[in-house]
file run.txt (compact mmCIF, C-alpha atoms)
# COMPACT_ATOMS: atom_id res chain seq x y z
CA MET A 1 8.36 0.06 -24.91
CA THR A 2 10.01 -0.09 -21.49
CA GLY A 3 9.10 -1.51 -18.15
CA ASN A 4 11.00 -2.90 -15.18
CA ASN A 5 14.23 -1.63 -16.80
CA GLN A 6 13.77 -4.04 -19.74
CA THR A 7 13.13 -3.23 -23.38
CA LEU A 8 10.24 -5.19 -24.81
CA ILE A 9 10.56 -6.46 -28.38
CA LEU A 10 8.30 -4.99 -31.08
CA GLU A 11 9.86 -6.96 -33.97
CA PHE A 12 12.06 -9.98 -34.55
CA LEU A 13 14.90 -10.70 -36.94
CA LEU A 14 14.57 -14.00 -38.81
CA LEU A 15 18.08 -15.41 -39.23
CA GLY A 16 16.93 -17.55 -42.14
CA LEU A 17 18.83 -20.36 -43.82
CA PRO A 18 22.66 -20.32 -43.61
CA ILE A 19 23.18 -19.75 -47.34
CA PRO A 20 26.47 -18.18 -48.58
CA SER A 21 25.88 -14.81 -50.26
CA GLU A 22 27.16 -16.02 -53.65
CA TYR A 23 24.41 -18.68 -53.73
CA HIS A 24 21.53 -16.45 -52.59
CA LEU A 25 20.17 -15.85 -56.09
CA LEU A 26 20.35 -19.56 -56.95
CA PHE A 27 18.48 -20.62 -53.81
CA TYR A 28 15.98 -17.80 -54.23
CA ALA A 29 15.12 -19.08 -57.71
CA LEU A 30 14.97 -22.67 -56.38
CA PHE A 31 12.60 -21.83 -53.51
CA LEU A 32 10.44 -19.70 -55.78
CA ALA A 33 10.17 -22.54 -58.32
CA MET A 34 9.31 -25.02 -55.55
CA TYR A 35 6.66 -22.69 -54.13
CA LEU A 36 5.03 -22.10 -57.53
CA THR A 37 5.07 -25.86 -58.18
CA THR A 38 3.36 -26.42 -54.81
CA ILE A 39 0.67 -23.84 -55.57
CA LEU A 40 -0.05 -25.09 -59.09
CA GLY A 41 0.08 -28.79 -58.20
CA ASN A 42 -2.27 -28.56 -55.23
CA LEU A 43 -4.64 -26.20 -57.03
CA LEU A 44 -4.79 -28.72 -59.87
CA ILE A 45 -5.83 -31.52 -57.49
CA ILE A 46 -8.52 -29.33 -55.89
CA LEU A 47 -9.80 -28.39 -59.35
CA LEU A 48 -9.86 -31.99 -60.61
CA VAL A 49 -11.75 -33.21 -57.55
CA GLN A 50 -14.34 -30.49 -58.07
CA LEU A 51 -14.75 -31.05 -61.83
CA ALA A 52 -14.59 -34.86 -62.08
CA SER A 53 -17.79 -36.49 -60.83
CA HIS A 54 -16.12 -39.90 -60.32
CA LEU A 55 -13.82 -38.24 -57.75
CA HIS A 56 -16.71 -37.16 -55.52
CA THR A 57 -15.87 -39.82 -52.94
CA PRO A 58 -14.66 -39.65 -49.31
CA MET A 59 -11.06 -40.40 -50.30
CA TYR A 60 -10.90 -37.44 -52.67
CA LEU A 61 -12.79 -35.15 -50.29
CA PHE A 62 -9.96 -35.74 -47.82
CA LEU A 63 -7.37 -35.39 -50.59
CA SER A 64 -8.73 -32.01 -51.70
CA ASN A 65 -8.62 -30.80 -48.10
CA LEU A 66 -5.05 -32.10 -47.81
CA SER A 67 -4.10 -30.19 -50.97
CA PHE A 68 -5.68 -27.01 -49.62
CA SER A 69 -3.84 -27.52 -46.33
CA ASP A 70 -0.52 -28.11 -48.15
CA LEU A 71 -1.03 -25.04 -50.30
CA CYS A 72 -1.66 -22.84 -47.26
CA PHE A 73 1.05 -24.55 -45.18
CA SER A 74 3.74 -23.50 -47.67
CA SER A 75 2.19 -20.05 -48.12
CA VAL A 76 2.60 -19.35 -44.40
CA THR A 77 6.41 -19.59 -44.53
CA ILE A 78 7.83 -19.44 -48.07
CA PRO A 79 6.69 -15.94 -49.17
CA ARG A 80 8.24 -14.46 -46.01
CA LEU A 81 11.43 -16.47 -46.61
CA LEU A 82 11.65 -15.18 -50.18
CA GLN A 83 11.00 -11.62 -49.03
CA ASN A 84 13.68 -11.80 -46.34
CA MET A 85 16.22 -13.27 -48.77
CA GLN A 86 15.87 -10.04 -50.78
CA SER A 87 15.90 -7.76 -47.73
CA GLN A 88 18.88 -6.21 -45.99
CA VAL A 89 17.05 -6.43 -42.65
CA PRO A 90 14.99 -9.67 -42.51
CA SER A 91 12.59 -8.47 -39.86
CA ILE A 92 9.06 -9.49 -38.91
CA SER A 93 6.77 -7.57 -36.56
CA TYR A 94 5.59 -9.09 -33.30
CA ALA A 95 1.98 -9.25 -34.55
CA ASP A 96 3.00 -10.81 -37.89
CA CYS A 97 5.13 -13.36 -36.06
CA LEU A 98 2.21 -14.51 -33.90
CA THR A 99 -0.04 -14.59 -36.97
CA GLN A 100 2.47 -16.73 -38.83
CA LEU A 101 2.76 -19.06 -35.83
CA TYR A 102 -1.03 -19.43 -35.64
CA PHE A 103 -1.55 -20.36 -39.29
CA PHE A 104 1.53 -22.60 -39.29
CA LEU A 105 0.01 -24.63 -36.46
CA VAL A 106 -3.46 -24.68 -38.06
CA PHE A 107 -2.34 -26.12 -41.39
CA GLY A 108 0.41 -28.32 -39.93
CA ASP A 109 -2.06 -29.94 -37.51
CA MET A 110 -4.64 -30.32 -40.25
CA GLU A 111 -2.21 -32.26 -42.43
CA SER A 112 -1.51 -34.64 -39.54
CA PHE A 113 -5.23 -35.20 -38.90
CA LEU A 114 -6.07 -35.66 -42.57
CA LEU A 115 -3.41 -38.34 -42.99
CA VAL A 116 -5.13 -40.24 -40.17
CA VAL A 117 -8.62 -40.08 -41.66
CA MET A 118 -7.25 -41.03 -45.08
CA ALA A 119 -5.66 -44.10 -43.49
CA TYR A 120 -8.98 -44.92 -41.81
CA ASP A 121 -10.77 -44.48 -45.15
CA ARG A 122 -8.42 -47.02 -46.79
CA TYR A 123 -8.84 -49.37 -43.81
CA VAL A 124 -12.64 -49.34 -44.13
CA ALA A 125 -12.49 -49.67 -47.94
CA ILE A 126 -10.23 -52.74 -47.79
CA CYS A 127 -11.36 -54.48 -44.60
CA PHE A 128 -15.10 -53.71 -44.81
CA PRO A 129 -15.82 -53.14 -48.52
CA LEU A 130 -19.50 -54.11 -48.27
CA HIS A 131 -20.14 -51.57 -45.51
CA TYR A 132 -17.93 -48.80 -46.93
CA THR A 133 -20.70 -46.59 -48.31
CA SER A 134 -22.72 -46.79 -45.09
CA ILE A 135 -19.74 -46.14 -42.79
CA MET A 136 -18.08 -43.42 -44.90
CA SER A 137 -21.25 -41.56 -45.80
CA THR A 138 -21.13 -38.05 -47.22
CA LYS A 139 -22.64 -36.57 -44.08
CA PHE A 140 -20.18 -38.39 -41.82
CA CYS A 141 -17.14 -37.35 -43.90
CA ALA A 142 -18.23 -33.70 -44.13
CA SER A 143 -18.87 -33.60 -40.38
CA LEU A 144 -15.48 -35.23 -39.73
CA VAL A 145 -13.62 -32.67 -41.86
CA LEU A 146 -15.47 -29.81 -40.12
CA LEU A 147 -14.57 -31.27 -36.72
CA LEU A 148 -10.91 -31.55 -37.71
CA TRP A 149 -10.79 -27.90 -38.79
CA MET A 150 -12.37 -26.87 -35.48
CA LEU A 151 -9.81 -28.92 -33.52
CA THR A 152 -6.83 -27.50 -35.40
CA ILE A 153 -8.09 -23.92 -35.06
CA SER A 154 -8.63 -24.39 -31.31
CA HIS A 155 -5.20 -25.99 -30.80
CA ALA A 156 -3.41 -23.27 -32.77
CA LEU A 157 -5.32 -20.53 -30.94
CA LEU A 158 -4.36 -21.99 -27.56
CA HIS A 159 -0.63 -22.00 -28.35
CA THR A 160 -0.80 -18.53 -29.92
CA LEU A 161 -2.54 -17.03 -26.88
CA LEU A 162 -0.07 -18.74 -24.53
CA THR A 163 2.80 -17.29 -26.57
CA ALA A 164 1.19 -13.83 -26.60
CA ARG A 165 1.31 -13.71 -22.80
CA LEU A 166 5.11 -14.08 -22.81
CA SER A 167 7.53 -11.17 -22.65
CA PHE A 168 10.41 -10.82 -25.10
CA CYS A 169 13.20 -8.59 -23.86
CA GLU A 170 16.69 -8.07 -25.27
CA LYS A 171 17.08 -11.05 -27.62
CA ASN A 172 15.13 -10.68 -30.86
CA VAL A 173 17.03 -12.89 -33.34
CA ILE A 174 15.05 -16.02 -34.25
CA LEU A 175 17.40 -18.80 -35.35
CA HIS A 176 14.97 -20.01 -38.00
CA PHE A 177 13.39 -18.95 -41.30
CA PHE A 178 9.93 -18.58 -39.73
CA CYS A 179 8.36 -18.02 -36.30
CA ASP A 180 8.51 -21.55 -34.99
CA LEU A 181 7.14 -22.12 -31.48
CA PRO A 182 10.29 -23.66 -29.88
CA ALA A 183 12.45 -20.89 -31.36
CA LEU A 184 10.18 -18.22 -29.84
CA LEU A 185 10.19 -19.88 -26.42
CA LYS A 186 14.01 -19.78 -26.39
CA LEU A 187 13.90 -15.98 -26.75
CA SER A 188 11.32 -15.33 -24.04
CA CYS A 189 12.39 -13.75 -20.74
CA SER A 190 9.19 -15.05 -19.07
CA ASP A 191 8.48 -18.39 -17.45
CA THR A 192 7.65 -20.79 -20.30
CA TYR A 193 6.72 -23.80 -18.13
CA VAL A 194 3.01 -23.71 -19.10
CA ASN A 195 3.89 -23.36 -22.79
CA GLU A 196 6.30 -26.29 -22.68
CA LEU A 197 3.80 -28.41 -20.74
CA MET A 198 1.11 -27.77 -23.35
CA ILE A 199 3.55 -28.60 -26.14
CA PHE A 200 4.39 -31.88 -24.42
CA ILE A 201 0.76 -32.86 -23.74
CA LEU A 202 -0.90 -31.62 -26.92
CA GLY A 203 2.12 -32.52 -29.06
CA GLY A 204 1.53 -36.16 -28.20
CA ILE A 205 -2.14 -35.88 -29.09
CA ILE A 206 -1.52 -34.05 -32.37
CA SER A 207 1.57 -35.96 -33.57
CA ILE A 208 2.18 -39.26 -31.80
CA ILE A 209 -1.41 -40.53 -31.53
CA PRO A 210 -2.22 -39.85 -35.23
CA PHE A 211 0.98 -41.62 -36.24
CA LEU A 212 0.10 -44.66 -34.08
CA LEU A 213 -3.43 -44.74 -35.51
CA ILE A 214 -2.00 -44.76 -39.03
CA VAL A 215 0.35 -47.61 -38.11
CA ILE A 216 -2.54 -49.59 -36.58
CA SER A 217 -4.69 -49.00 -39.68
CA TYR A 218 -2.00 -50.31 -42.01
CA VAL A 219 -1.19 -53.26 -39.77
CA ARG A 220 -4.86 -54.26 -40.00
CA ILE A 221 -4.77 -53.71 -43.77
CA PHE A 222 -1.63 -55.87 -44.01
CA PHE A 223 -3.29 -58.78 -42.22
CA SER A 224 -6.33 -58.31 -44.43
CA ILE A 225 -4.06 -58.55 -47.51
CA LEU A 226 -2.78 -61.93 -46.30
CA LYS A 227 -6.33 -63.25 -46.60
CA VAL A 228 -6.61 -62.17 -50.24
CA PRO A 229 -6.01 -65.29 -52.39
CA SER A 230 -5.27 -63.60 -55.71
CA THR A 231 -2.14 -61.69 -56.71
CA GLN A 232 -4.37 -59.22 -58.58
CA GLY A 233 -6.20 -58.38 -55.35
CA ILE A 234 -2.94 -57.81 -53.50
CA CYS A 235 -1.65 -55.52 -56.28
CA LYS A 236 -4.90 -53.55 -56.17
CA VAL A 237 -4.55 -53.03 -52.40
CA PHE A 238 -0.95 -51.83 -52.75
CA SER A 239 -1.97 -49.53 -55.60
CA THR A 240 -4.73 -48.04 -53.45
CA CYS A 241 -2.56 -47.48 -50.38
CA GLY A 242 0.79 -46.73 -52.03
CA SER A 243 0.21 -43.02 -52.54
CA HIS A 244 -0.96 -42.46 -48.99
CA LEU A 245 1.94 -44.45 -47.51
CA SER A 246 4.41 -42.35 -49.51
CA VAL A 247 2.94 -39.11 -48.13
CA VAL A 248 2.87 -40.48 -44.56
CA SER A 249 6.52 -41.54 -44.85
CA LEU A 250 7.58 -38.11 -46.10
CA PHE A 251 5.63 -36.13 -43.51
CA TYR A 252 6.28 -38.19 -40.38
CA GLY A 253 9.78 -39.22 -41.44
CA THR A 254 10.99 -35.62 -41.36
CA ILE A 255 9.16 -34.85 -38.11
CA ILE A 256 10.62 -37.93 -36.39
CA GLY A 257 14.07 -37.06 -37.73
CA LEU A 258 13.71 -33.53 -36.38
CA TYR A 259 12.34 -34.19 -32.91
CA LEU A 260 13.55 -37.70 -32.02
CA CYS A 261 17.12 -37.77 -33.39
CA PRO A 262 19.77 -36.57 -30.91
CA ALA A 263 20.88 -32.99 -31.40
CA GLY A 264 24.51 -32.23 -32.18
CA ASN A 265 26.53 -29.07 -32.53
CA ASN A 266 24.71 -28.27 -35.76
CA SER A 267 21.24 -28.81 -34.27
CA THR A 268 20.00 -25.36 -35.37
CA ILE A 269 20.98 -25.99 -38.99
CA LYS A 270 19.50 -29.50 -38.80
CA GLU A 271 16.22 -28.12 -37.45
CA MET A 272 15.98 -25.60 -40.30
CA VAL A 273 16.79 -28.18 -42.98
CA MET A 274 14.28 -30.70 -41.59
CA ALA A 275 11.65 -27.96 -41.22
CA MET A 276 12.27 -27.06 -44.86
CA MET A 277 11.56 -30.70 -45.75
CA TYR A 278 8.08 -30.84 -44.21
CA THR A 279 7.04 -27.24 -44.92
CA VAL A 280 8.29 -26.97 -48.52
CA VAL A 281 9.37 -30.30 -50.02
CA THR A 282 6.52 -32.50 -48.77
CA PRO A 283 3.68 -30.16 -49.88
CA MET A 284 5.38 -29.86 -53.27
CA LEU A 285 5.74 -33.63 -53.75
CA ASN A 286 2.24 -34.59 -52.60
CA PRO A 287 0.50 -33.63 -55.89
CA PHE A 288 3.06 -35.63 -57.89
CA ILE A 289 2.65 -38.66 -55.62
CA TYR A 290 -1.14 -38.64 -55.85
CA SER A 291 -1.33 -37.82 -59.55
CA LEU A 292 1.44 -40.08 -60.89
CA ARG A 293 0.46 -43.11 -58.79
CA ASN A 294 -3.31 -42.72 -59.02
CA ARG A 295 -5.23 -43.88 -62.09
CA ASP A 296 -8.40 -42.01 -61.12
CA MET A 297 -6.49 -38.71 -61.00
CA LYS A 298 -4.88 -39.44 -64.37
CA ARG A 299 -8.29 -40.18 -65.91
CA ALA A 300 -9.73 -36.98 -64.48
CA LEU A 301 -6.81 -34.93 -65.81
CA ILE A 302 -7.14 -36.46 -69.29
CA ARG A 303 -10.90 -35.78 -69.34
CA VAL A 304 -10.44 -32.15 -68.31
CA ILE A 305 -7.72 -31.63 -70.96
CA CYS A 306 -9.89 -33.27 -73.64
CA SER A 307 -12.93 -31.19 -72.70
CA MET A 308 -10.81 -28.03 -72.89
CA LYS A 309 -9.62 -29.01 -76.40
CA ILE A 310 -13.21 -29.64 -77.52
CA THR A 311 -14.30 -26.27 -76.11
CA LEU A 312 -11.46 -24.50 -77.92
call {"tool": "encode", "arguments": {"input": "run.txt", "output": "C-alpha cells"}}
result
Amino acid sequence: MTGNNQTLILEFLLLGLPIPSEYHLLFYALFLAMYLTTILGNLLIILLVQLASHLHTPMYLFLSNLSFSDLCFSSVTIPRLLQNMQSQVPSISYADCLTQLYFFLVFGDMESFLLVVMAYDRYVAICFPLHYTSIMSTKFCASLVLLLWMLTISHALLHTLLTARLSFCEKNVILHFFCDLPALLKLSCSDTYVNELMIFILGGIISIIPFLLIVISYVRIFFSILKVPSTQGICKVFSTCGSHLSVVSLFYGTIIGLYLCPAGNNSTIKEMVMAMMYTVVTPMLNPFIYSLRNRDMKRALIRVICSMKITL
C-alpha cells in the first residue's frame, strides 16, 4: 500500500528474545514446558473449584477467574513466541498484531483487577468476619466479576482502536517477542500524543490505583492482626493471606521493576526479560502458590483423586 510517498506496513517482524542460535532448541523446550505447566496448573484450579462444593466461595470464584485470566494471558504471547522461534521469518500480520495487543491488555488488566478484589475479600473476611457473608454475597461477587470483565474489555478496546488509527511506514521490526503497546508506538510515523496521554491516564487507573488499594487493604489487615491475642489466630491470618501476597509480589514486583527502574543501555533486553516474568513465569507459578500453600485446595485435590480411584 502506498500513499504520500510512504509505504504502509502490512506485517511486522517480531525480533524476539536475544537467544544465541546454539541455545534455541534448549529455550524452545523450556518455554514449551513452562507453557504446558501453566495450562495444566490453571486448568486444574478451575476444575477443582467447579468440582469441590466447599470451594464455592467468593475467594475461589475470584481465584478461578484469575486462573482463567492467567491461562489466556500466557496463551496470547507464548504460542506465537514458540512459532517464531521455529520460523526463519518471525513475522506477524498487522491484524494479528492488533488482535494480540487487544487480548494482552484484556487479560493483563483483568489480573490486576482480580488481585484487588481478592485483597478486598481477605480484608472483609479478617476485619469483618461476622458480616462477611452479607457483604460478599454471591450476587455481589458475580456482579463484580462481570463489571471487571466489562472494564477490561472497554479499556483494551480503547487502546486497540487508538493504535489502529496510527500509520506505520518504513520501520516494521518490533523489538519485543509480542506486540506490546509501547513497542508499537515507537514504530509509528503518526502523532502518538493521544495514545501516550491515554496510557499515562489509564495506566495509573489500571496499575497504580489497584496496587495502592491492595497496600491499603493489607495495612488494615496488619493492624487488625495486632488486635488478635492468640498466636494461633495470627498464624491463621498469615496462612489465609500468604498465597495472595506471594502472587501480588510476583506480579507487581516485575511491573514496577520494568516501568519504574531507570533504563540503561540494555533497556530493550531488560524490558523483554521483565515482560517474560509477568507474562510467562507469574502465570505458571500462581497454581503452585495457591495449591501448595492452601489447605482447602489440597483437600479438594485429594478428594478428586480419591473419587477417581473409586470410580476406576
call {"tool": "atom_distance", "arguments": {"input": "run.txt", "atom1": "CA of Phe107 in chain A", "atom2": "CA of Phe73 in chain A"}}
result
5.3 Å
call {"tool": "atom_distance", "arguments": {"input": "run.txt", "atom1": "CA of Gly41 in chain A", "atom2": "CA of Ser112 in chain A"}}
result
19.6 Å
call {"tool": "residues_around", "arguments": {"input": "run.txt", "residues": "Tyr60 in chain A", "least_positions_apart": "3", "cutoff": "12 Å", "atoms": "only C-alpha atoms", "output": "VMD selection string"}}
result
chain A and resid 45 to 57 63 to 67 114 117 to 118 121 to 122 138 141 to 142 244 290 to 291 294 296 to 297 300
call {"tool": "residues_near_point", "arguments": {"input": "run.txt", "point": "(-3.2, -33.0, -44.3)", "cutoff": "12 Å", "atoms": "only C-alpha atoms", "output": "PyMOL selection string"}}
result
chain A and resi 42+61-73+105-119+145+148-149+152+210+244+247-248+251-252+278-279+282-283+286
call {"tool": "atom_distance", "arguments": {"input": "run.txt", "atom1": "CA of Met276 in chain A", "atom2": "CA of Met198 in chain A"}}
result
24.2 Å
